[in-house]
Amino acid sequence: MADRSVLVSGGGIAGATAAYWLARAGWSVTVVERAAGIRSSGNPVDVRGAAVTIAQDMSIWSRLQEAATGIERLAFVNADGRPLASIRTHRRGNRNEEVEVSRGELVGLLLGKAQESSLIIRDDSITALHQGGGGIDVEFRRTRSRRFDMVVGADGIHSSVRALVFGREERFSRPFGMFVGTVRSSIPIEDPRTVLMYNEPGTSLTIHPAGGKPGFAFIFRGPDDFDYRDPDQGRRLVESTYADGGWLTKRALQEWGASEDRYFDAVTRIAVPQWSAGRVVLLGDAAGCISLFGEGSSSAIVGAKTLADAIAVHPGDHATAFGAYEHTHRKYARPMQRGAGIASRLLVPKTRSGITIRNAVLNALPFRNRL
């Protein structure tokens, strides 16, 4: 299969994992990544369940354990920083079963493994796809056009591959009515094992120790008329929403305004009825997700391995391979996304009474779950 070639659009968690396993199966793999480097901001992510075995098989598990944030609990605080309630997020000594790491750390390790046997093209993107004659002609923004046997669209919620082949994003995107913004912080951390969260109705502000690289997260409810292509709109939305906030809000907004490496987007449901069209297949958030609340990192790793395995079993029949991958991974991912509504109500209650009830319920839990 040395002459068989595949283009993976997106060098994130899903794309890098797929590239590694496709190359292991004998494919000639090229990865095109829009970003010139790896973003340092962003929420930490979990690697758990079946994704742990895959990380072990890729020989990155020990390094993920070394890079673990060490977080054990989430504490909800008042405007003075006094804890009102708390809940365990990870148990001490549980690092053989799951880890939380920075997204950048995970992407860097996965992309490093992919780069061992794949060509990585950075700071570029796909502009056109032409299927026919037993392959796909791909046009890029910077790189000269090339022909591939298959294209994997692993380029995230705002996938350009999905837009070019399946249709406009609005057909598949459903706003969740929430937003998330993150930025690195220089604030000193007192307890490296505890995430602190402050709530006002419809908003939350979090400081995450992130293994010595702390960061603020703004998660809040808001209007649906948001254009992700306008970065200034996101910046203004955070600043206006949190203008009169308490606790560390003033410091967080200062960090937010000064940084050139911040992340912002709407929390979004993505649902594509069919994940493949001809020789193009979607993977990760491009295919289906609830961003932020759907355990996307582990699902992306498992989905990428499932796709690569299906292609390895059916190397000359992309339609059968894509169908087998979709059938298997939809069943795997569906339960993970059902808890999104519960998670959003826990983290960002809509009302003052909702915050009070949330805290009371958490304080009524058994001690081992609260602390």
# chains A, B, ... in the order shown; residues from 1 in each chain; ligands from 1

$ residues_around --residues "Ser204 of chain A" --least-positions-apart "3" --cutoff "9 Å" --atoms "only C-alpha atoms" --output "list in words"
Met197, Tyr198, Asn199, Glu200, Pro201, Ala217, Phe218, Ile219, Phe220, Leu347, Val348 and Pro349 of chain A

$ select_by_dssp --residues "segment 178-358 of chain A" --states "alpha helix (DSSP H)" --output "PyMOL selection string"
chain A and resi 231-241+249-258+296-313+318-337+340-347+352-358

$ residues_around --residues "Gly278 of chain A" --least-positions-apart "3" --cutoff "10 Å" --atoms "only C-alpha atoms" --output "PyMOL selection string"
chain A and resi 131-132+134-136+150-151+165+281+318-319+322

$ select_by_dssp --residues "segment 34-208 of chain A" --states "strand (DSSP E or B)" --output "MDAnalysis selection string"
chainID A and resid 45:48 73:77 83:88 98:101 119:122 126:132 135:140 146:148 150:153 173:184 194:200 203:208

$ residues_around --residues "Pro214 of chain A" --least-positions-apart "2" --cutoff "10 Å" --atoms "only C-alpha atoms" --output "PyMOL selection string"
chain A and resi 41+69+183-189+192+195+207-212+216

$ write_last_selection --atoms "N, CA and C atoms" --output "compact mmCIF listing (two decimals), in the first residue's frame"
# COMPACT_ATOMS: atom_id res chain seq x y z
N SER A 41 -3.07 28.44 25.22
CA SER A 41 -4.30 28.61 25.99
C SER A 41 -5.25 27.46 25.68
N THR A 69 -1.89 17.40 35.28
CA THR A 69 -2.09 18.61 36.07
C THR A 69 -2.16 18.33 37.56
N VAL A 183 -7.48 31.98 28.82
CA VAL A 183 -6.24 32.73 28.68
C VAL A 183 -5.29 32.30 29.79
N ARG A 184 -4.01 32.24 29.47
CA ARG A 184 -2.99 31.93 30.48
C ARG A 184 -2.92 33.06 31.51
N SER A 185 -2.52 32.71 32.73
CA SER A 185 -2.47 33.69 33.80
C SER A 185 -1.15 33.61 34.56
N SER A 186 -0.75 34.73 35.12
CA SER A 186 0.46 34.78 35.94
C SER A 186 0.13 34.82 37.43
N ILE A 187 -1.12 34.60 37.77
CA ILE A 187 -1.53 34.70 39.17
C ILE A 187 -0.93 33.56 39.99
N PRO A 188 -0.46 33.83 41.21
CA PRO A 188 0.09 32.76 42.06
C PRO A 188 -1.01 31.77 42.46
N ILE A 189 -0.67 30.49 42.51
CA ILE A 189 -1.62 29.44 42.86
C ILE A 189 -1.30 28.91 44.26
N PRO A 192 -2.25 23.65 44.19
CA PRO A 192 -2.11 23.17 42.82
C PRO A 192 -3.04 22.02 42.46
N VAL A 195 -9.14 23.36 41.42
CA VAL A 195 -9.67 24.36 40.50
C VAL A 195 -10.67 25.21 41.28
N ILE A 207 -10.16 29.64 37.79
CA ILE A 207 -8.71 29.65 37.73
C ILE A 207 -8.26 28.21 37.89
N HIS A 208 -7.55 27.72 36.89
CA HIS A 208 -7.10 26.33 36.86
C HIS A 208 -5.59 26.30 37.03
N PRO A 209 -5.07 25.57 38.03
CA PRO A 209 -3.61 25.53 38.24
C PRO A 209 -2.84 24.95 37.06
N ALA A 210 -3.43 24.00 36.35
CA ALA A 210 -2.88 23.44 35.11
C ALA A 210 -1.43 23.00 35.24
N GLY A 211 -1.10 22.34 36.34
CA GLY A 211 0.24 21.80 36.48
C GLY A 211 1.34 22.83 36.46
N GLY A 212 1.09 24.00 37.03
CA GLY A 212 2.11 25.04 37.07
C GLY A 212 2.00 26.05 35.94
N PHE A 216 -7.09 31.26 33.27
CA PHE A 216 -8.47 31.64 33.55
C PHE A 216 -9.38 31.07 32.47

$ closest_residue --among "A:Ala25, A:Val302, A:Gly11, A:Arg141" --to "Tyr332 of chain A" --atoms "only C-alpha atoms"
A:Val302

$ closest_residue --among "A:Arg63, A:Arg193, A:Arg88, A:Arg34" --to "Ile121 of chain A" --atoms "only C-alpha atoms"
A:Arg34

$ residues_around --residues "Gly49 of chain A" --least-positions-apart "6" --cutoff "9 Å" --atoms "only C-alpha atoms" --output "list in words"
Glu97, Glu98 and Ser298 of chain A

$ residues_around --residues "segment 166-172 of chain A" --least-positions-apart "6" --cutoff "9 Å" --atoms "only C-alpha atoms" --output "NGL selection string"
:A and (157-160 or 269-273 or 275-277 or 288)

$ residues_around --residues "Ala310 of chain A" --least-positions-apart "2" --cutoff "12 Å" --atoms "only C-alpha atoms" --output "list in words"
Ala18, Trp21, Leu22, Ala25, Gly303, Ala304, Lys305, Thr306, Leu307, Ala308, Ala312, Val313, His314, Pro315, Gly316, Asp317, His318, Ala319, Thr320, Ala321, Phe322, Gly323, Ala324, Tyr325, Glu326, His327, Thr328 and His329 of chain A

$ write_last_selection --atoms "N, CA, C and O atoms" --output "CSV table (one decimal), in the first residue's frame"
chain,number,residue,atom,x,y,z
A,18,ALA,N,-4.9,10.0,14.0
A,18,ALA,CA,-5.3,9.2,12.8
A,18,ALA,C,-4.0,9.1,11.9
A,18,ALA,O,-3.8,8.1,11.3
A,21,TRP,N,-1.7,6.3,13.1
A,21,TRP,CA,-2.1,4.9,12.9
A,21,TRP,C,-2.3,4.6,11.4
A,21,TRP,O,-2.1,3.4,11.0
A,22,LEU,N,-2.6,5.6,10.6
A,22,LEU,CA,-2.7,5.3,9.2
A,22,LEU,C,-1.3,5.0,8.6
A,22,LEU,O,-1.2,4.1,7.7
A,25,ALA,N,-0.3,1.6,9.3
A,25,ALA,CA,-1.0,0.7,8.4
A,25,ALA,C,-0.5,0.7,7.0
A,25,ALA,O,-0.9,-0.1,6.2
A,303,GLY,N,-11.9,7.6,18.2
A,303,GLY,CA,-12.4,7.7,16.9
A,303,GLY,C,-11.4,7.6,15.8
A,303,GLY,O,-11.6,6.9,14.8
A,304,ALA,N,-10.2,8.3,16.0
A,304,ALA,CA,-9.1,8.2,15.1
A,304,ALA,C,-8.6,6.8,14.9
A,304,ALA,O,-8.3,6.3,13.8
A,305,LYS,N,-8.4,6.1,16.0
A,305,LYS,CA,-8.0,4.7,16.0
A,305,LYS,C,-9.0,3.8,15.3
A,305,LYS,O,-8.7,2.9,14.5
A,306,THR,N,-10.3,4.0,15.6
A,306,THR,CA,-11.3,3.2,14.9
A,306,THR,C,-11.3,3.4,13.4
A,306,THR,O,-11.5,2.5,12.7
A,307,LEU,N,-11.2,4.7,13.0
A,307,LEU,CA,-11.1,5.0,11.5
A,307,LEU,C,-9.9,4.3,10.9
A,307,LEU,O,-10.0,3.6,9.8
A,308,ALA,N,-8.7,4.4,11.5
A,308,ALA,CA,-7.5,3.8,10.9
A,308,ALA,C,-7.6,2.3,10.9
A,308,ALA,O,-7.2,1.7,9.9
A,312,ALA,N,-7.6,0.0,7.6
A,312,ALA,CA,-6.6,-1.1,7.5
A,312,ALA,C,-7.3,-2.4,7.1
A,312,ALA,O,-6.7,-3.2,6.3
A,313,VAL,N,-8.5,-2.6,7.6
A,313,VAL,CA,-9.2,-3.9,7.3
A,313,VAL,C,-9.7,-3.9,5.9
A,313,VAL,O,-9.8,-4.9,5.2
A,314,HIS,N,-10.1,-2.7,5.4
A,314,HIS,CA,-10.7,-2.5,4.0
A,314,HIS,C,-9.9,-1.5,3.2
A,314,HIS,O,-10.4,-0.5,2.8
A,315,PRO,N,-8.6,-1.8,2.9
A,315,PRO,CA,-7.7,-0.8,2.3
A,315,PRO,C,-8.1,-0.4,0.9
A,315,PRO,O,-7.8,0.7,0.4
A,316,GLY,N,-8.8,-1.3,0.2
A,316,GLY,CA,-9.2,-1.0,-1.2
A,316,GLY,C,-10.7,-0.6,-1.3
A,316,GLY,O,-11.2,-0.5,-2.4
A,317,ASP,N,-11.4,-0.4,-0.2
A,317,ASP,CA,-12.8,-0.2,-0.2
A,317,ASP,C,-13.1,0.9,0.8
A,317,ASP,O,-13.5,0.6,1.9
A,318,HIS,N,-12.9,2.2,0.4
A,318,HIS,CA,-13.1,3.3,1.3
A,318,HIS,C,-14.5,3.4,1.8
A,318,HIS,O,-14.8,3.7,3.0
A,319,ALA,N,-15.5,3.1,1.0
A,319,ALA,CA,-16.9,3.2,1.4
A,319,ALA,C,-17.2,2.2,2.5
A,319,ALA,O,-17.9,2.6,3.5
A,320,THR,N,-16.8,1.0,2.4
A,320,THR,CA,-17.0,0.0,3.5
A,320,THR,C,-16.3,0.4,4.8
A,320,THR,O,-16.8,0.3,5.9
A,321,ALA,N,-15.0,0.9,4.6
A,321,ALA,CA,-14.2,1.3,5.8
A,321,ALA,C,-14.9,2.5,6.5
A,321,ALA,O,-15.0,2.5,7.7
A,322,PHE,N,-15.3,3.5,5.7
A,322,PHE,CA,-15.9,4.6,6.4
A,322,PHE,C,-17.2,4.3,7.1
A,322,PHE,O,-17.5,4.7,8.1
A,323,GLY,N,-18.0,3.4,6.4
A,323,GLY,CA,-19.3,2.9,7.1
A,323,GLY,C,-19.0,2.2,8.3
A,323,GLY,O,-19.8,2.4,9.3
A,324,ALA,N,-18.0,1.3,8.4
A,324,ALA,CA,-17.7,0.5,9.6
A,324,ALA,C,-17.2,1.5,10.7
A,324,ALA,O,-17.6,1.3,11.9
A,325,TYR,N,-16.4,2.4,10.4
A,325,TYR,CA,-15.9,3.4,11.4
A,325,TYR,C,-17.1,4.2,11.9
A,325,TYR,O,-17.2,4.3,13.2
A,326,GLU,N,-18.0,4.7,11.1
A,326,GLU,CA,-19.1,5.5,11.6
A,326,GLU,C,-20.0,4.7,12.5
A,326,GLU,O,-20.4,5.2,13.5
A,327,HIS,N,-20.3,3.5,12.0
A,327,HIS,CA,-21.2,2.7,12.8
A,327,HIS,C,-20.7,2.4,14.2
A,327,HIS,O,-21.4,2.5,15.2
A,328,THR,N,-19.4,2.1,14.3
A,328,THR,CA,-18.8,1.8,15.6
A,328,THR,C,-18.6,3.0,16.4
A,328,THR,O,-18.9,3.0,17.7
A,329,HIS,N,-18.1,4.1,15.9
A,329,HIS,CA,-17.8,5.3,16.7
A,329,HIS,C,-19.1,6.0,17.1
A,329,HIS,O,-19.0,6.6,18.2

$ atom_distance --atom1 "atom CA of Val8 of chain A" --atom2 "atom CA of Arg142 of chain A"
16.1 Å

$ closest_residue --among "A:Ala266, A:Leu7, A:Thr206, A:Ser353" --to "Phe140 of chain A" --atoms "only C-alpha atoms"
A:Leu7

$ atom_distance --atom1 "atom CA of Thr203 of chain A" --atom2 "atom CA of Ile290 of chain A"
18.7 Å

$ closest_residue --among "A:Leu292, A:Met178, A:Ala67, A:Val152" --to "Leu237 of chain A" --atoms "only C-alpha atoms"
A:Met178
